[in-house]
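What follows is the content of my_file_19.cif, which has mmCIF, C-alpha atoms:
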data_run
#
loop_
_atom_site.label_atom_id
_atom_site.label_comp_id
_atom_site.auth_asym_id
_atom_site.auth_seq_id
_atom_site.Cartn_x
_atom_site.Cartn_y
_atom_site.Cartn_z
CA MET A 1 33.13 119.06 149.80
CA LYS A 2 31.34 120.14 146.70
CA GLU A 3 28.06 122.06 146.61
CA ILE A 4 25.26 119.77 145.45
CA ARG A 5 22.55 121.56 143.50
CA PHE A 6 19.00 120.24 143.80
CA LYS A 7 15.39 121.27 144.09
CA LEU A 8 13.61 119.97 147.17
CA LYS A 9 10.14 118.61 146.40
CA GLY A 10 7.51 116.95 148.53
CA ARG A 11 3.98 115.96 149.29
CA MET A 12 2.03 116.46 152.50
CA TRP A 13 -1.25 115.19 153.91
CA MET A 14 -3.24 115.21 157.14
CA GLU A 15 -3.88 112.07 159.15
CA ILE A 16 -6.37 111.28 161.88
CA ASP A 17 -5.71 108.18 164.03
CA GLY A 18 -3.05 106.95 161.61
CA GLU A 19 -5.39 107.14 158.63
CA GLN A 20 -5.01 109.56 155.74
CA MET A 21 -7.69 112.22 156.14
CA LEU A 22 -6.85 114.91 153.60
CA GLY A 23 -4.22 115.21 150.86
CA PRO A 24 -3.88 117.23 147.64
CA GLY A 25 -6.33 115.00 145.73
CA ARG A 26 -9.17 115.22 148.24
CA VAL A 27 -8.68 118.95 148.67
CA GLU A 28 -8.95 119.40 144.93
CA LEU A 29 -12.13 117.33 144.94
CA LEU A 30 -13.59 119.51 147.72
CA GLU A 31 -12.69 122.68 145.82
CA ARG A 32 -14.30 121.41 142.63
CA ILE A 33 -17.46 120.50 144.54
CA GLN A 34 -17.45 123.97 146.07
CA VAL A 35 -17.23 125.63 142.64
CA SER A 36 -19.53 123.33 140.63
CA GLY A 37 -22.05 122.44 143.36
CA SER A 38 -21.99 118.91 141.97
CA LEU A 39 -20.14 115.76 142.99
CA ARG A 40 -20.68 114.34 139.51
CA GLN A 41 -19.14 117.38 137.81
CA ALA A 42 -16.24 117.39 140.24
CA ALA A 43 -15.61 113.68 139.56
CA ILE A 44 -15.66 114.22 135.77
CA GLN A 45 -13.25 117.13 136.04
CA MET A 46 -10.85 114.96 138.01
CA LYS A 47 -11.23 112.01 135.65
CA MET A 48 -12.50 109.72 138.37
CA SER A 49 -15.70 107.70 138.54
CA TYR A 50 -18.68 109.00 140.46
CA LYS A 51 -18.34 106.04 142.79
CA GLN A 52 -14.69 106.84 143.53
CA ALA A 53 -15.55 110.45 144.33
CA TRP A 54 -18.52 109.40 146.43
CA ASP A 55 -16.38 106.93 148.38
CA MET A 56 -13.75 109.59 149.05
CA ILE A 57 -16.33 112.02 150.36
CA ASN A 58 -18.08 109.36 152.41
CA HIS A 59 -14.82 108.35 153.99
CA LEU A 60 -13.96 111.97 154.74
CA ASN A 61 -17.39 112.59 156.27
CA SER A 62 -16.96 109.54 158.49
CA GLN A 63 -13.83 111.00 160.10
CA PHE A 64 -15.72 113.85 161.77
CA ASP A 65 -18.70 114.25 164.05
CA SER A 66 -20.41 116.41 161.44
CA PRO A 67 -20.20 116.10 157.63
CA VAL A 68 -17.77 117.91 155.35
CA VAL A 69 -19.99 117.69 152.28
CA ILE A 70 -23.75 117.41 152.19
CA SER A 71 -25.48 116.12 149.11
CA GLN A 72 -28.95 115.81 147.74
CA ARG A 73 -29.57 112.99 145.29
CA GLY A 74 -31.68 113.02 142.12
CA GLY A 75 -33.53 115.88 140.47
CA LYS A 76 -32.92 117.34 137.03
CA GLY A 77 -29.23 117.09 136.06
CA GLY A 78 -28.40 114.93 139.08
CA GLY A 79 -28.06 115.85 142.74
CA LYS A 80 -26.46 118.87 144.27
CA ALA A 81 -23.55 118.81 146.66
CA MET A 82 -22.21 121.52 148.88
CA LEU A 83 -19.52 122.03 151.45
CA THR A 84 -20.37 122.62 155.07
CA GLU A 85 -18.53 125.20 157.16
CA LEU A 86 -16.21 122.40 158.26
CA GLY A 87 -15.48 121.54 154.62
CA VAL A 88 -14.56 125.13 153.82
CA GLN A 89 -12.39 125.29 156.92
CA LEU A 90 -10.55 122.11 155.88
CA ILE A 91 -9.69 123.59 152.48
CA LEU A 92 -8.42 126.79 154.05
CA GLU A 93 -6.28 125.00 156.63
CA PHE A 94 -4.82 122.66 154.04
CA ARG A 95 -3.97 125.43 151.59
CA ASP A 96 -2.42 127.51 154.35
CA LEU A 97 -0.21 124.61 155.43
CA GLN A 98 0.66 123.81 151.84
CA GLN A 99 1.81 127.37 151.33
CA LYS A 100 4.12 127.06 154.34
CA PHE A 101 5.30 123.71 153.02
CA TYR A 102 6.20 125.23 149.62
CA GLU A 103 8.12 127.96 151.41
CA PHE A 104 10.00 125.29 153.37
CA LEU A 105 10.82 123.40 150.16
CA ASN A 106 12.00 126.52 148.35
CA LYS A 107 14.05 127.74 151.29
CA ASN A 108 15.85 124.40 151.46
CA SER A 109 16.43 123.93 147.74
CA LYS A 110 19.88 124.66 146.38
CA ILE A 111 19.52 125.94 142.88
CA ASP A 112 21.40 128.59 140.92
CA MET B 1 -15.11 127.50 163.85
CA LYS B 2 -14.09 124.27 165.43
CA GLU B 3 -10.54 123.14 166.07
CA ILE B 4 -9.65 120.32 163.69
CA ARG B 5 -7.19 117.82 165.15
CA PHE B 6 -4.78 116.10 162.75
CA LYS B 7 -1.22 114.91 162.36
CA LEU B 8 0.63 116.40 159.41
CA LYS B 9 2.62 113.83 157.46
CA GLY B 10 4.70 114.02 154.32
CA ARG B 11 7.39 112.78 152.04
CA MET B 12 10.27 114.73 150.52
CA TRP B 13 12.84 114.10 147.79
CA MET B 14 15.52 115.94 145.85
CA GLU B 15 15.22 116.63 142.13
CA ILE B 16 17.79 117.61 139.52
CA ASP B 17 16.49 119.01 136.21
CA GLY B 18 12.94 117.91 137.03
CA GLU B 19 14.00 114.33 137.66
CA GLN B 20 13.91 112.61 141.03
CA MET B 21 17.48 112.33 142.27
CA LEU B 22 17.23 111.18 145.88
CA GLY B 23 14.33 110.14 148.10
CA PRO B 24 13.95 108.02 151.25
CA GLY B 25 14.33 104.73 149.33
CA ARG B 26 17.58 105.60 147.59
CA VAL B 27 19.04 107.08 150.76
CA GLU B 28 18.29 103.87 152.60
CA LEU B 29 19.98 101.91 149.81
CA LEU B 30 23.07 104.12 150.06
CA GLU B 31 23.19 103.69 153.82
CA ARG B 32 22.91 99.91 153.53
CA ILE B 33 25.71 99.85 150.95
CA GLN B 34 27.81 101.98 153.29
CA VAL B 35 27.31 99.56 156.19
CA SER B 36 27.50 96.24 154.31
CA GLY B 37 30.03 97.18 151.63
CA SER B 38 27.91 95.19 149.21
CA LEU B 39 25.25 96.17 146.70
CA ARG B 40 23.91 92.61 146.74
CA GLN B 41 23.52 92.61 150.54
CA ALA B 42 21.89 96.03 150.47
CA ALA B 43 19.45 94.85 147.79
CA ILE B 44 18.54 91.72 149.78
CA GLN B 45 17.97 93.76 152.93
CA MET B 46 15.60 96.04 151.03
CA LYS B 47 13.80 93.14 149.36
CA MET B 48 14.67 94.34 145.88
CA SER B 49 16.43 92.51 143.08
CA TYR B 50 20.12 93.08 142.43
CA LYS B 51 19.19 94.55 139.06
CA GLN B 52 16.78 97.05 140.60
CA ALA B 53 19.41 98.19 143.08
CA TRP B 54 22.06 98.35 140.38
CA ASP B 55 19.76 100.44 138.14
CA MET B 56 19.03 102.85 140.99
CA ILE B 57 22.71 103.34 141.69
CA ASN B 58 23.58 103.65 138.02
CA HIS B 59 20.91 106.28 137.56
CA LEU B 60 22.12 108.16 140.61
CA ASN B 61 25.73 108.04 139.41
CA SER B 62 24.67 109.41 136.04
CA GLN B 63 23.27 112.56 137.64
CA PHE B 64 26.67 113.80 138.78
CA ASP B 65 30.05 114.46 137.21
CA SER B 66 31.64 111.96 139.58
CA PRO B 67 30.11 108.73 140.96
CA VAL B 68 28.21 108.33 144.21
CA VAL B 69 28.97 104.62 144.57
CA ILE B 70 31.94 102.74 143.16
CA SER B 71 31.79 99.00 142.79
CA GLN B 72 34.07 96.15 141.98
CA ARG B 73 32.50 93.11 140.40
CA GLY B 74 33.25 89.45 141.03
CA GLY B 75 35.63 87.87 143.52
CA LYS B 76 34.74 85.54 146.37
CA GLY B 77 31.28 86.32 147.77
CA GLY B 78 30.51 88.78 144.97
CA GLY B 79 31.78 92.30 144.34
CA LYS B 80 32.33 95.07 146.82
CA ALA B 81 30.63 98.46 146.70
CA MET B 82 31.51 101.62 148.54
CA LEU B 83 30.33 105.17 148.77
CA THR B 84 32.46 108.02 147.50
CA GLU B 85 32.80 111.25 149.46
CA LEU B 86 29.93 112.59 147.34
CA GLY B 87 27.77 109.62 148.35
CA VAL B 88 28.42 110.21 152.04
CA GLN B 89 27.69 113.90 151.58
CA LEU B 90 24.36 113.10 149.89
CA ILE B 91 23.26 110.95 152.83
CA LEU B 92 24.20 113.65 155.33
CA GLU B 93 22.43 116.42 153.42
CA PHE B 94 19.30 114.33 152.96
CA ARG B 95 19.10 113.27 156.61
CA ASP B 96 19.67 116.84 157.73
CA LEU B 97 16.84 118.11 155.52
CA GLN B 98 14.61 115.26 156.59
CA GLN B 99 15.16 116.20 160.22
CA LYS B 100 14.08 119.79 159.46
CA PHE B 101 11.11 118.41 157.54
CA TYR B 102 9.99 116.28 160.51
CA GLU B 103 10.25 119.35 162.72
CA PHE B 104 8.08 121.26 160.24
CA LEU B 105 5.49 118.47 160.22
CA ASN B 106 5.41 118.21 164.01
CA LYS B 107 5.22 121.95 164.49
CA ASN B 108 2.24 122.14 162.15
CA SER B 109 0.33 119.14 163.47
CA LYS B 110 -2.61 119.76 165.75
CA ILE B 111 -2.84 116.92 168.17
CA ASP B 112 -3.80 116.76 171.83
#

Turn this file's structure into structure tokens for me.
Amino acid sequence: MKEIRFKLKGRMWMEIDGEQMLGPGRVELLERIQVSGSLRQAAIQMKMSYKQAWDMINHLNSQFDSPVVISQRGGKGGGKAMLTELGVQLILEFRDLQQKFYEFLNKNSKID
Amino acid sequence: MKEIRFKLKGRMWMEIDGEQMLGPGRVELLERIQVSGSLRQAAIQMKMSYKQAWDMINHLNSQFDSPVVISQRGGKGGGKAMLTELGVQLILEFRDLQQKFYEFLNKNSKID
């Protein structure tokens, strides 16, 4: 039996009731909203349409009793968006799990 | 801070030199070749074309010094295909890692 060398890679996401709730893309969107205070800016940065970003956030909000992002439409330069406490908590939990996941992948890789 | 309930899900694969070497799809193909002794049968079972399956196996073979699958073309009922020792070892290593990965995902899920 020969030693096979490989790097273990992967992707993880959270599901609620069999439906994808949060993965790397949505977390990045949340983080960009948190930094820019704008859903439009966050969408541009991620090269997605405003509608796509809005749909993602709407869908995410619908999976909880209270919203993850709250937004205010209109005004100069477009509306503002901000994360609720739940939104911030989601980012932290996801990043914490992702860190553990990377450790798992590295620990189980076989590279020289 | 409220307890967020979710099931952690994921996908993992092995890479060599930054290129995907083995993931759930290819492992399943290998296992079906092992059981049926036929690349054509394995392809049919996985609803892929013979060419797709053949390309996957060819690509996999090219990533090692010795082949993973050896095949014999032609003859009654089409050619035969069988896994080498390396091929069997790849399946075992992947399934073992996948088992550990499922344990990781379950351990880090938060469900009632």

Selection near range 98-105 of chain A, 9 Å with all atoms listed in the file, sequence-local residues under 5 positions removed, as a ChimeraX atom specification: /A:7-12,93 /B:12,101,104-105

Please write the residues picked by the PyMOL selection byres ((chain B) within 10 of (chain A)) on this file as a ChimeraX atom specification. /B:1-23,64,85-86,89-90,93-94,97,100-101,104-105,108-111

Could you please determine the separation between CA of Val69 in chain B and CA of Met82 in chain B in Å, to one decimal place?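 The value is 5.6 Å.
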
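Between CA of Asn58 in chain B and CA of Asn106 in chain A the interatomic distance comes to 27.6 Å.
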
Assuming the chain letters and numbering stay as they are in my file, what does the PyMOL selection byres ((chain A and resi 30) around 9) actually select? List them as a ChimeraX atom specification. /A:25-29,31-35,39,42,57,68-69,82-83,87-88,91

Counting all atoms listed in the file, figure out which residue out of A:Ser49, A:Asn61, A:Ala43, A:Trp54 gets nearest to Arg73 in chain A.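 Of the candidates, the smallest distance to Arg73 in chain A is held by A:Trp54.
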
CA of Pro24 in chain B and CA of Leu92 in chain B are how many Å apart? 12.4 Å

Write out as a list in words which residues come within 6 Å of Ala81 in chain B when counting all atoms listed in the file, dropping same-chain ones fewer than 5 positions away.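 Once the adjacent positions are removed, what remains is Gly37, Ser38, Leu39, Ile70 and Ser71 of chain B.
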
Edge lengths and centre in Å to one decimal, as lines of an AutoDock Vina configuration file, is what I'm after for the box along x, y and z that holds all listed atoms of range 87-96 of chain B once 4 Å is added on each side.
center_x = 23.8
center_y = 113.2
center_z = 153.0
size_x = 17.3
size_y = 15.2
size_z = 17.4
